[in-house]
$ cat coords13.txt   # compact mmCIF, C-alpha atoms
# COMPACT_ATOMS: atom_id res chain seq x y z
CA MET A 1 31.23 -18.84 -25.88
CA LYS A 2 32.70 -18.08 -22.53
CA LEU A 3 30.14 -16.72 -20.11
CA PRO A 4 31.14 -14.28 -17.39
CA LYS A 5 30.76 -15.39 -13.81
CA PRO A 6 27.11 -15.12 -12.81
CA ARG A 7 27.85 -12.64 -10.05
CA LEU A 8 25.89 -9.85 -11.67
CA SER A 9 22.79 -11.96 -12.10
CA LEU A 10 22.95 -13.10 -8.48
CA ALA A 11 23.37 -9.50 -7.36
CA LEU A 12 20.35 -8.53 -9.43
CA LEU A 13 18.38 -11.37 -7.89
CA SER A 14 19.24 -10.30 -4.36
CA ALA A 15 18.37 -6.72 -5.19
CA LEU A 16 15.01 -7.86 -6.49
CA LEU A 17 14.37 -9.95 -3.40
CA ALA A 18 15.16 -6.90 -1.28
CA GLY A 19 12.47 -5.09 -3.21
CA THR A 20 14.75 -2.44 -4.63
CA VAL A 21 14.53 -3.34 -8.30
CA GLY A 22 11.67 -4.41 -10.50
CA ALA A 23 8.86 -3.95 -8.02
CA GLN A 24 9.25 -0.18 -8.01
CA TRP A 25 6.67 1.84 -9.91
CA LEU A 26 5.86 -0.38 -12.84
CA PRO A 27 3.89 1.09 -15.72
CA LEU A 28 0.19 0.33 -15.23
CA GLY A 29 0.07 -1.99 -18.22
CA LYS A 30 2.69 -4.22 -16.64
CA ASP A 31 1.53 -4.22 -13.03
CA GLN A 32 -0.50 -7.46 -13.25
CA VAL A 33 -3.56 -5.66 -11.91
CA HIS A 34 -4.56 -3.31 -14.71
CA ASP A 35 -5.76 -4.81 -17.96
CA PRO A 36 -3.14 -3.93 -20.60
CA GLN A 37 -6.02 -3.98 -23.13
CA SER A 38 -7.92 -1.28 -21.24
CA PRO A 39 -8.49 1.81 -23.41
CA VAL A 40 -7.39 4.08 -20.54
CA ILE A 41 -4.09 2.43 -19.73
CA ASP A 42 -2.13 5.36 -21.19
CA ILE A 43 -4.48 8.02 -19.79
CA LEU A 44 -4.23 7.13 -16.09
CA GLN A 45 -1.31 8.63 -14.21
CA ALA A 46 1.65 6.25 -13.88
CA PRO A 47 2.78 5.75 -10.25
CA GLY A 48 6.41 6.60 -11.06
CA GLU A 49 5.50 9.99 -12.47
CA ALA A 50 4.06 11.15 -9.14
CA LEU A 51 5.91 9.06 -6.58
CA SER A 52 9.40 9.73 -7.89
CA GLN A 53 8.94 13.39 -6.88
CA LEU A 54 8.36 12.54 -3.20
CA PRO A 55 10.83 11.78 -0.36
CA PRO A 56 12.15 8.26 -1.05
CA ASP A 57 11.76 5.15 1.06
CA ASP A 58 12.89 1.57 0.52
CA ALA A 59 9.57 -0.22 0.96
CA GLY A 60 5.85 0.07 0.28
CA ASN A 61 5.25 2.84 -2.25
CA HIS A 62 8.92 3.80 -1.90
CA VAL A 63 7.72 7.08 -0.47
CA ARG A 64 8.10 8.53 3.04
CA TRP A 65 4.50 9.70 3.19
CA VAL A 66 4.86 11.50 6.51
CA ASP A 67 7.86 13.45 5.22
CA ALA A 68 5.96 14.19 2.02
CA LEU A 69 3.13 15.69 4.06
CA ARG A 70 5.24 17.59 6.56
CA GLY A 71 7.67 18.84 3.93
CA GLY A 72 4.82 20.28 1.87
CA TYR A 73 5.52 18.00 -1.10
CA ILE A 74 1.83 17.09 -1.04
CA GLN A 75 -1.15 19.05 0.26
CA PRO A 76 -3.89 16.46 0.69
CA ARG A 77 -7.31 17.88 1.53
CA SER A 78 -8.57 17.33 5.08
CA THR A 79 -12.23 17.44 4.27
CA ILE A 80 -14.73 17.69 1.45
CA PHE A 81 -17.67 18.61 3.69
CA ASP A 82 -18.07 21.90 5.56
CA ASN A 83 -19.09 20.39 8.85
CA THR A 84 -16.17 18.08 9.47
CA GLN A 85 -13.19 18.99 11.59
CA VAL A 86 -9.56 17.95 11.92
CA ARG A 87 -8.64 16.89 15.43
CA LEU A 88 -4.92 16.71 16.14
CA LEU A 89 -3.53 15.07 19.26
CA ASP A 90 0.12 15.47 20.23
CA GLN A 91 0.64 12.52 22.55
CA ASP A 92 2.93 9.49 22.44
CA ILE A 93 2.03 6.10 23.87
CA VAL A 94 4.85 3.70 24.71
CA MET A 95 3.87 0.03 24.73
CA ARG A 96 6.14 -2.05 26.90
CA ASN A 97 4.67 -5.52 26.70
CA THR A 98 6.78 -6.41 23.67
CA GLY A 99 8.66 -9.53 24.72
CA SER A 100 12.27 -9.38 23.62
CA ALA A 101 11.63 -6.67 21.03
CA ALA A 102 12.16 -2.96 21.60
CA TYR A 103 9.22 -1.06 23.05
CA VAL A 104 6.75 0.47 20.65
CA ARG A 105 6.27 4.21 20.52
CA PHE A 106 2.92 5.16 19.05
CA PRO A 107 2.82 8.83 18.04
CA HIS A 108 -0.74 10.18 18.02
CA ARG A 109 0.40 13.35 16.32
CA VAL A 110 1.39 11.86 12.99
CA HIS A 111 -1.58 9.51 12.93
CA THR A 112 -4.04 12.34 13.52
CA GLU A 113 -2.47 14.33 10.70
CA TRP A 114 -3.89 11.66 8.38
CA LEU A 115 -6.77 10.12 10.30
CA ASP A 116 -9.71 11.01 12.53
CA CYS A 117 -10.01 9.75 16.13
CA SER A 118 -13.06 7.72 15.12
CA ASN A 119 -11.02 5.67 12.67
CA CYS A 120 -9.36 3.84 15.57
CA HIS A 121 -11.47 4.62 18.66
CA ASP A 122 -13.19 2.66 19.85
CA TYR A 123 -13.40 0.48 16.80
CA LEU A 124 -9.85 -0.90 16.66
CA PHE A 125 -8.41 0.34 19.97
CA GLN A 126 -9.89 1.19 23.33
CA ARG A 127 -9.06 4.70 24.52
CA LYS A 128 -7.31 3.54 27.66
CA ALA A 129 -3.61 2.83 26.98
CA GLY A 130 -2.80 -0.83 27.58
CA ALA A 131 -6.43 -1.95 27.49
CA THR A 132 -6.28 -3.39 23.97
CA ARG A 133 -4.60 -6.77 23.62
CA MET A 134 -2.64 -7.17 20.43
CA ASN A 135 0.18 -9.28 19.07
CA MET A 136 2.15 -9.54 15.84
CA LEU A 137 0.23 -12.57 14.59
CA GLY A 138 -3.01 -10.62 14.78
CA ILE A 139 -1.39 -7.52 13.32
CA LEU A 140 0.02 -9.54 10.40
CA SER A 141 -3.49 -10.89 9.85
CA GLY A 142 -4.86 -7.37 9.54
CA GLU A 143 -5.97 -6.66 13.09
CA ALA A 144 -5.18 -3.53 15.14
CA CYS A 145 -2.20 -1.65 13.58
CA GLY A 146 -2.34 -4.20 10.75
CA ARG A 147 -5.52 -2.65 9.41
CA CYS A 148 -3.32 -0.05 7.73
CA HIS A 149 0.31 -1.08 8.30
CA GLY A 150 1.11 -3.90 5.93
CA ALA A 151 -1.61 -2.83 3.49
CA VAL A 152 -1.36 0.92 2.88
CA ALA A 153 0.80 2.51 5.59
CA PHE A 154 4.44 1.40 5.82
CA PRO A 155 4.88 -2.41 5.71
CA LEU A 156 5.19 -4.67 8.75
CA THR A 157 8.63 -5.78 7.68
CA ASP A 158 9.95 -2.41 8.90
CA CYS A 159 10.01 -3.63 12.53
CA LYS A 160 12.11 -0.82 13.96
CA ARG A 161 9.89 2.00 12.85
CA CYS A 162 7.39 0.96 15.55
CA HIS A 163 9.71 -0.95 17.88
CA SER A 164 11.82 2.15 18.26
CA VAL A 165 12.39 2.51 22.00
CA PRO A 166 15.18 0.38 23.49
CA ALA A 167 13.74 -1.68 26.32
CA ASP A 168 16.17 -0.27 28.90
CA GLY A 169 15.59 3.28 27.84
CA GLN A 170 12.51 5.42 27.89
CA VAL A 171 9.51 4.03 29.74
CA GLY A 172 6.07 5.32 30.53
CA GLN A 173 2.94 6.23 28.69
CA MET B 1 37.33 -30.75 -19.90
CA LEU B 2 37.55 -28.84 -16.66
CA LYS B 3 37.00 -25.58 -18.54
CA LYS B 4 33.91 -27.00 -20.24
CA ARG B 5 32.40 -28.05 -16.92
CA THR B 6 33.00 -24.61 -15.38
CA ASN B 7 31.30 -22.97 -18.32
CA LEU B 8 28.35 -25.34 -18.01
CA ARG B 9 28.06 -24.50 -14.34
CA ARG B 10 28.09 -20.79 -15.14
CA ARG B 11 25.50 -21.30 -17.81
CA LEU B 12 23.27 -23.16 -15.33
CA ALA B 13 23.69 -20.46 -12.71
CA TRP B 14 22.73 -17.84 -15.28
CA MET B 15 19.66 -19.80 -16.31
CA ILE B 16 18.50 -20.33 -12.73
CA SER B 17 18.97 -16.67 -11.88
CA ALA B 18 17.23 -15.53 -15.03
CA GLY B 19 14.36 -17.95 -14.38
CA ALA B 20 13.97 -16.80 -10.79
CA LEU B 21 14.07 -13.19 -11.94
CA ALA B 22 11.34 -13.84 -14.49
CA VAL B 23 9.12 -15.60 -11.96
CA LEU B 24 9.61 -12.91 -9.34
CA SER B 25 9.10 -10.04 -11.74
CA GLY B 26 5.91 -11.73 -12.90
CA GLN B 27 4.57 -11.80 -9.36
CA ALA B 28 5.49 -8.35 -8.20
CA GLY B 29 3.59 -5.60 -9.83
CA ALA B 30 0.71 -3.70 -8.35
CA GLU B 31 1.58 -0.56 -6.44
CA TYR B 32 1.55 -1.03 -2.67
CA GLY B 33 -2.01 -0.51 -1.42
CA ASP B 34 -3.75 -0.87 -4.79
CA VAL B 35 -7.22 -2.29 -4.16
CA VAL B 36 -9.08 -4.28 -6.77
CA ILE B 37 -12.83 -4.16 -6.24
CA ASN B 38 -14.64 -6.93 -8.00
CA ASN B 39 -17.78 -7.39 -5.93
CA TYR B 40 -20.05 -7.30 -8.97
CA SER B 41 -17.90 -6.29 -11.97
CA ASP B 42 -17.11 -9.71 -13.43
CA GLN B 43 -20.74 -10.78 -13.29
CA ALA B 44 -21.76 -7.54 -14.96
CA GLY B 45 -19.26 -8.00 -17.78
CA MET B 46 -17.18 -5.02 -16.66
CA ARG B 47 -13.50 -4.96 -15.84
CA PRO B 48 -13.02 -4.83 -12.06
CA ALA B 49 -12.41 -1.38 -10.56
CA VAL B 50 -8.88 -0.52 -9.42
CA PHE B 51 -8.51 1.88 -6.52
CA PRO B 52 -4.96 3.24 -6.23
CA HIS B 53 -4.38 4.37 -2.64
CA TRP B 54 -1.15 6.18 -3.63
CA PHE B 55 -2.98 8.44 -6.08
CA HIS B 56 -5.70 9.34 -3.62
CA ARG B 57 -3.50 9.94 -0.59
CA ILE B 58 -1.50 12.54 -2.48
CA ARG B 59 -4.77 14.48 -2.76
CA PHE B 60 -6.78 13.51 0.34
CA ARG B 61 -5.99 12.54 3.91
CA CYS B 62 -7.16 9.08 4.96
CA LYS B 63 -9.91 10.57 7.14
CA VAL B 64 -11.80 12.06 4.21
CA CYS B 65 -12.78 8.64 2.88
CA HIS B 66 -12.43 6.50 5.98
CA ALA B 67 -14.14 8.82 8.48
CA ASP B 68 -16.22 11.36 6.57
CA LEU B 69 -17.38 9.08 3.74
CA GLY B 70 -17.58 5.88 5.78
CA PHE B 71 -15.31 3.54 3.82
CA LYS B 72 -14.42 0.62 6.11
CA PHE B 73 -10.79 -0.48 6.35
CA GLN B 74 -11.52 -3.70 4.50
CA ALA B 75 -11.14 -4.45 0.81
CA GLY B 76 -14.56 -5.73 -0.25
CA GLY B 77 -16.07 -4.75 3.10
CA ASN B 78 -18.05 -1.91 1.60
CA ASP B 79 -21.06 -2.84 -0.45
CA ILE B 80 -20.33 -0.36 -3.20
CA THR B 81 -22.72 -0.31 -6.14
CA MET B 82 -23.03 2.07 -9.07
CA LEU B 83 -26.47 3.10 -7.82
CA LYS B 84 -24.97 4.30 -4.54
CA ILE B 85 -22.14 6.06 -6.37
CA ILE B 86 -24.59 7.88 -8.64
CA ASP B 87 -26.51 8.86 -5.48
CA GLY B 88 -23.34 10.49 -4.14
CA GLU B 89 -22.26 7.79 -1.72
CA TYR B 90 -18.76 6.25 -1.51
CA CYS B 91 -16.71 7.16 -4.64
CA GLY B 92 -19.66 9.27 -5.78
CA ALA B 93 -18.98 11.90 -3.12
CA CYS B 94 -16.12 13.12 -5.33
CA HIS B 95 -16.57 11.30 -8.64
CA ASN B 96 -19.48 13.51 -9.63
CA GLY B 97 -17.88 15.70 -12.27
CA ASP B 98 -17.23 18.33 -9.63
CA VAL B 99 -14.30 17.19 -7.47
CA ALA B 100 -13.23 14.35 -9.78
CA TRP B 101 -14.31 12.72 -13.03
CA SER B 102 -17.91 11.61 -13.14
CA VAL B 103 -19.43 8.17 -13.48
CA GLU B 104 -19.88 8.11 -17.23
CA ASN B 105 -16.11 7.58 -17.54
CA CYS B 106 -16.59 3.89 -16.73
CA ASP B 107 -13.23 2.69 -18.02
CA LEU B 108 -11.15 5.07 -15.92
CA CYS B 109 -12.02 3.12 -12.76
CA HIS B 110 -13.01 -0.20 -14.32
CA SER B 111 -9.55 -0.83 -15.71
CA GLY B 112 -8.53 -4.05 -13.91
CA LYS B 113 -7.72 -7.44 -15.38
CA PRO B 114 -10.95 -9.45 -15.64
CA GLY B 115 -11.09 -12.20 -13.04
CA THR B 116 -8.90 -10.40 -10.49
CA LYS B 117 -10.43 -10.94 -7.09
CA THR B 118 -11.24 -8.25 -4.57
CA GLN B 119 -8.18 -7.59 -2.44
CA VAL B 120 -5.55 -5.12 -1.40
CA HIS B 121 -2.37 -5.84 -3.33
CA GLU B 122 1.26 -6.14 -2.25
CA SER B 123 0.34 -6.48 1.44
CA THR B 124 2.99 -7.67 3.86
CA LEU B 125 1.06 -10.88 4.39
CA GLN B 126 0.97 -11.59 0.65
CA LYS B 127 4.67 -10.89 0.39
CA LEU B 128 5.59 -13.14 3.29
CA VAL B 129 3.16 -15.98 2.90
CA ALA B 130 1.62 -16.32 -0.51
CA PRO B 131 2.35 -15.12 -4.04
CA ALA B 132 0.16 -12.27 -5.25
CA GLY B 133 -3.32 -13.64 -5.96
CA LYS B 134 -5.07 -13.32 -9.24
$ encode --input "coords13.txt" --output "structure tokens"
Amino acid sequence: MKLPKPRLSLALLSALLAGTVGAQWLPLGKDQVHDPQSPVIDILQAPGEALSQLPPDDAGNHVRWVDALRGGYIQPRSTIFDNTQVRLLDQDIVMRNTGSAAYVRFPHRVHTEWLDCSNCHDYLFQRKAGATRMNMLGILSGEACGRCHGAVAFPLTDCKRCHSVPADGQVGQ
Amino acid sequence: MLKKRTNLRRRLAWMISAGALAVLSGQAGAEYGDVVINNYSDQAGMRPAVFPHWFHRIRFRCKVCHADLGFKFQAGGNDITMLKIIDGEYCGACHNGDVAWSVENCDLCHSGKPGTKTQVHESTLQKLVAPAGK
């Protein structure tokens, strides 16, 4: 039998490596984490059913969560207790000590749409801009931004989403 | 002869690709941010609990659990027990039959593969450094 050139299989392999095929929204029984023998495997919501309805992304959950929130695709509750409040802060911090990489713009606004001030201050970050030392090794190990980014919020392989300010451009804090 | 060799090469390339695909598909799996909590489950003869972040963040902002309810940003860093949950702490703040299903639906949370260790799955570090742990 004459086999076709293995171009297709190599293309598939590269696609898989890029995380665009195979890793996206597997049924729970095939996700290597749920027990396929569990009696509830067909009762629990499958990720694809919910996530395919939200603005797409090419990494993580394959969802642009911020767009999903701002576009009204999801309406997550802000509180379950009466006495808690939502505190929004519309302020950007630009971090310039980034070596040869682009500066980092940290938008408080979008973070406070999900989180409370106390989640980061002063537990992960001091309140004074520039006072907290951090580097990518620590972040990759789960420190600072890496508490969420690389675990739940968009992955750390998306460098440019944080390193978004060209070094010769905007400066200041 | 030359034709035969070319076909053999193609066959080999197919096999390698297919093998790599199988291995990789076997490793990838959990949804990004899925947390397996197995602090006590294995010892108690229960399947470990699976916490899907994606499911919860559609319905609640991060602050509800991580500020108001006191969940630390650390898989396994919260000493969650069924006693505390029944008392309304941690998962029990919602999983009380009022906001979400109540604790007698054991299997709905305890649905993980036995022996899976406590960890957040599909993290960048796992992807870059080590294959997904069991």
$ residues_around --input "coords13.txt" --residues "stretch 133-143 of chain A" --least-positions-apart "2" --cutoff "8 Å" --atoms "all atoms listed in the file" --output "list in words"
Leu124, Gly130, Ala131, Cys145, Gly146, Arg147, Cys148, Gly150 and Leu156 of chain A; Thr124 and Leu125 of chain B
$ interface_residues --input "coords13.txt" --of "chain B" --to "chain A" --cutoff "6 Å" --atoms "only C-alpha atoms" --output "list in words"
Trp14, Ala28, Gly29, Ala30, Tyr32, Gly33, Ile58, Arg59, Phe60, Arg61, Cys62, Lys63, Val64, Ser111, Gly112, Lys113, Ser123 and Thr124 of chain B
$ atom_distance --input "coords13.txt" --atom1 "atom CA of A:Tyr103" --atom2 "atom CA of A:Val66"
21.2 Å
$ residues_around --input "coords13.txt" --residues "B:Pro52" --least-positions-apart "2" --cutoff "8 Å" --atoms "only C-alpha atoms" --output "ChimeraX atom specification"
/B:31,33-35,50,54-56
$ atom_distance --input "coords13.txt" --atom1 "atom CA of A:Leu88" --atom2 "atom CA of A:Gly72"
17.6 Å
$ residues_around --input "coords13.txt" --residues "B:Ile85" --least-positions-apart "3" --cutoff "10 Å" --atoms "all atoms listed in the file" --output "PDB file with C-alpha atoms, in the coordinates of the input"
ATOM      1  CA  ILE B  80     -20.330  -0.360  -3.200  1.00  0.00           C
ATOM      2  CA  THR B  81     -22.720  -0.310  -6.140  1.00  0.00           C
ATOM      3  CA  MET B  82     -23.030   2.070  -9.070  1.00  0.00           C
ATOM      4  CA  GLY B  88     -23.340  10.490  -4.140  1.00  0.00           C
ATOM      5  CA  GLU B  89     -22.260   7.790  -1.720  1.00  0.00           C
ATOM      6  CA  TYR B  90     -18.760   6.250  -1.510  1.00  0.00           C
ATOM      7  CA  CYS B  91     -16.710   7.160  -4.640  1.00  0.00           C
ATOM      8  CA  GLY B  92     -19.660   9.270  -5.780  1.00  0.00           C
ATOM      9  CA  ALA B  93     -18.980  11.900  -3.120  1.00  0.00           C
ATOM     10  CA  CYS B  94     -16.120  13.120  -5.330  1.00  0.00           C
ATOM     11  CA  HIS B  95     -16.570  11.300  -8.640  1.00  0.00           C
ATOM     12  CA  ASN B  96     -19.480  13.510  -9.630  1.00  0.00           C
ATOM     13  CA  SER B 102     -17.910  11.610 -13.140  1.00  0.00           C
ATOM     14  CA  VAL B 103     -19.430   8.170 -13.480  1.00  0.00           C
TER      15      VAL B 103
END
$ residues_around --input "coords13.txt" --residues "B:Lys117" --least-positions-apart "6" --cutoff "12 Å" --atoms "all atoms listed in the file" --output "list of chain:residue names"
A:Val33, B:Val35, B:Val36, B:Ile37, B:Asn38, B:Asn39, B:Tyr40, B:Ser41, B:Asp42, B:Arg47, B:Pro48, B:Ala49, B:Val50, B:Ala75, B:Gly76, B:Ala132, B:Gly133, B:Lys134
$ atom_distance --input "coords13.txt" --atom1 "atom CA of B:Cys106" --atom2 "atom CA of B:Met46"
8.9 Å
$ build_atoms --input "coords13.txt" --residues "stretch 60-77 of chain B" --atoms "N, CA, C and O atoms" --output "tab-separated table (two decimals), in the frame of the given file"
chain	number	residue	atom	x	y	z
B	60	PHE	N	-5.86	13.52	-0.81
B	60	PHE	CA	-6.78	13.51	0.34
B	60	PHE	C	-6.15	12.78	1.51
B	60	PHE	O	-5.48	11.76	1.32
B	61	ARG	N	-6.43	13.29	2.72
B	61	ARG	CA	-5.99	12.54	3.91
B	61	ARG	C	-6.92	11.34	4.09
B	61	ARG	O	-8.07	11.36	3.66
B	62	CYS	N	-6.41	10.33	4.78
B	62	CYS	CA	-7.16	9.08	4.96
B	62	CYS	C	-8.57	9.34	5.50
B	62	CYS	O	-9.54	8.68	5.14
B	63	LYS	N	-8.66	10.33	6.43
B	63	LYS	CA	-9.91	10.57	7.14
B	63	LYS	C	-11.07	10.96	6.20
B	63	LYS	O	-12.23	10.70	6.50
B	64	VAL	N	-10.74	11.59	5.09
B	64	VAL	CA	-11.80	12.06	4.21
B	64	VAL	C	-12.67	10.89	3.75
B	64	VAL	O	-13.88	10.94	3.81
B	65	CYS	N	-12.01	9.81	3.34
B	65	CYS	CA	-12.78	8.64	2.88
B	65	CYS	C	-13.15	7.72	4.04
B	65	CYS	O	-14.27	7.20	4.09
B	66	HIS	N	-12.20	7.52	4.97
B	66	HIS	CA	-12.43	6.50	5.98
B	66	HIS	C	-13.20	6.99	7.20
B	66	HIS	O	-13.70	6.18	7.97
B	67	ALA	N	-13.29	8.31	7.39
B	67	ALA	CA	-14.14	8.82	8.48
B	67	ALA	C	-15.35	9.53	7.90
B	67	ALA	O	-16.49	9.15	8.15
B	68	ASP	N	-15.11	10.54	7.05
B	68	ASP	CA	-16.22	11.36	6.57
B	68	ASP	C	-17.14	10.60	5.60
B	68	ASP	O	-18.34	10.79	5.61
B	69	LEU	N	-16.56	9.78	4.74
B	69	LEU	CA	-17.38	9.08	3.74
B	69	LEU	C	-17.76	7.67	4.18
B	69	LEU	O	-18.60	7.03	3.54
B	70	GLY	N	-17.16	7.16	5.21
B	70	GLY	CA	-17.58	5.88	5.78
B	70	GLY	C	-17.02	4.63	5.13
B	70	GLY	O	-17.55	3.54	5.32
B	71	PHE	N	-15.93	4.76	4.37
B	71	PHE	CA	-15.31	3.54	3.82
B	71	PHE	C	-14.67	2.75	4.96
B	71	PHE	O	-13.82	3.28	5.69
B	72	LYS	N	-15.05	1.47	5.09
B	72	LYS	CA	-14.42	0.62	6.11
B	72	LYS	C	-13.01	0.25	5.67
B	72	LYS	O	-12.72	0.18	4.47
B	73	PHE	N	-12.16	-0.04	6.65
B	73	PHE	CA	-10.79	-0.48	6.35
B	73	PHE	C	-10.79	-1.95	5.94
B	73	PHE	O	-10.20	-2.78	6.62
B	74	GLN	N	-11.43	-2.29	4.89
B	74	GLN	CA	-11.52	-3.70	4.50
B	74	GLN	C	-11.84	-3.78	3.01
B	74	GLN	O	-12.92	-3.37	2.59
B	75	ALA	N	-10.88	-4.30	2.24
B	75	ALA	CA	-11.14	-4.45	0.81
B	75	ALA	C	-12.34	-5.38	0.63
B	75	ALA	O	-12.33	-6.50	1.14
B	76	GLY	N	-13.36	-4.92	-0.03
B	76	GLY	CA	-14.56	-5.73	-0.25
B	76	GLY	C	-15.56	-5.61	0.89
B	76	GLY	O	-16.65	-6.16	0.83
B	77	GLY	N	-15.19	-4.88	1.94
B	77	GLY	CA	-16.07	-4.75	3.10
B	77	GLY	C	-17.13	-3.68	2.94
B	77	GLY	O	-17.97	-3.51	3.82
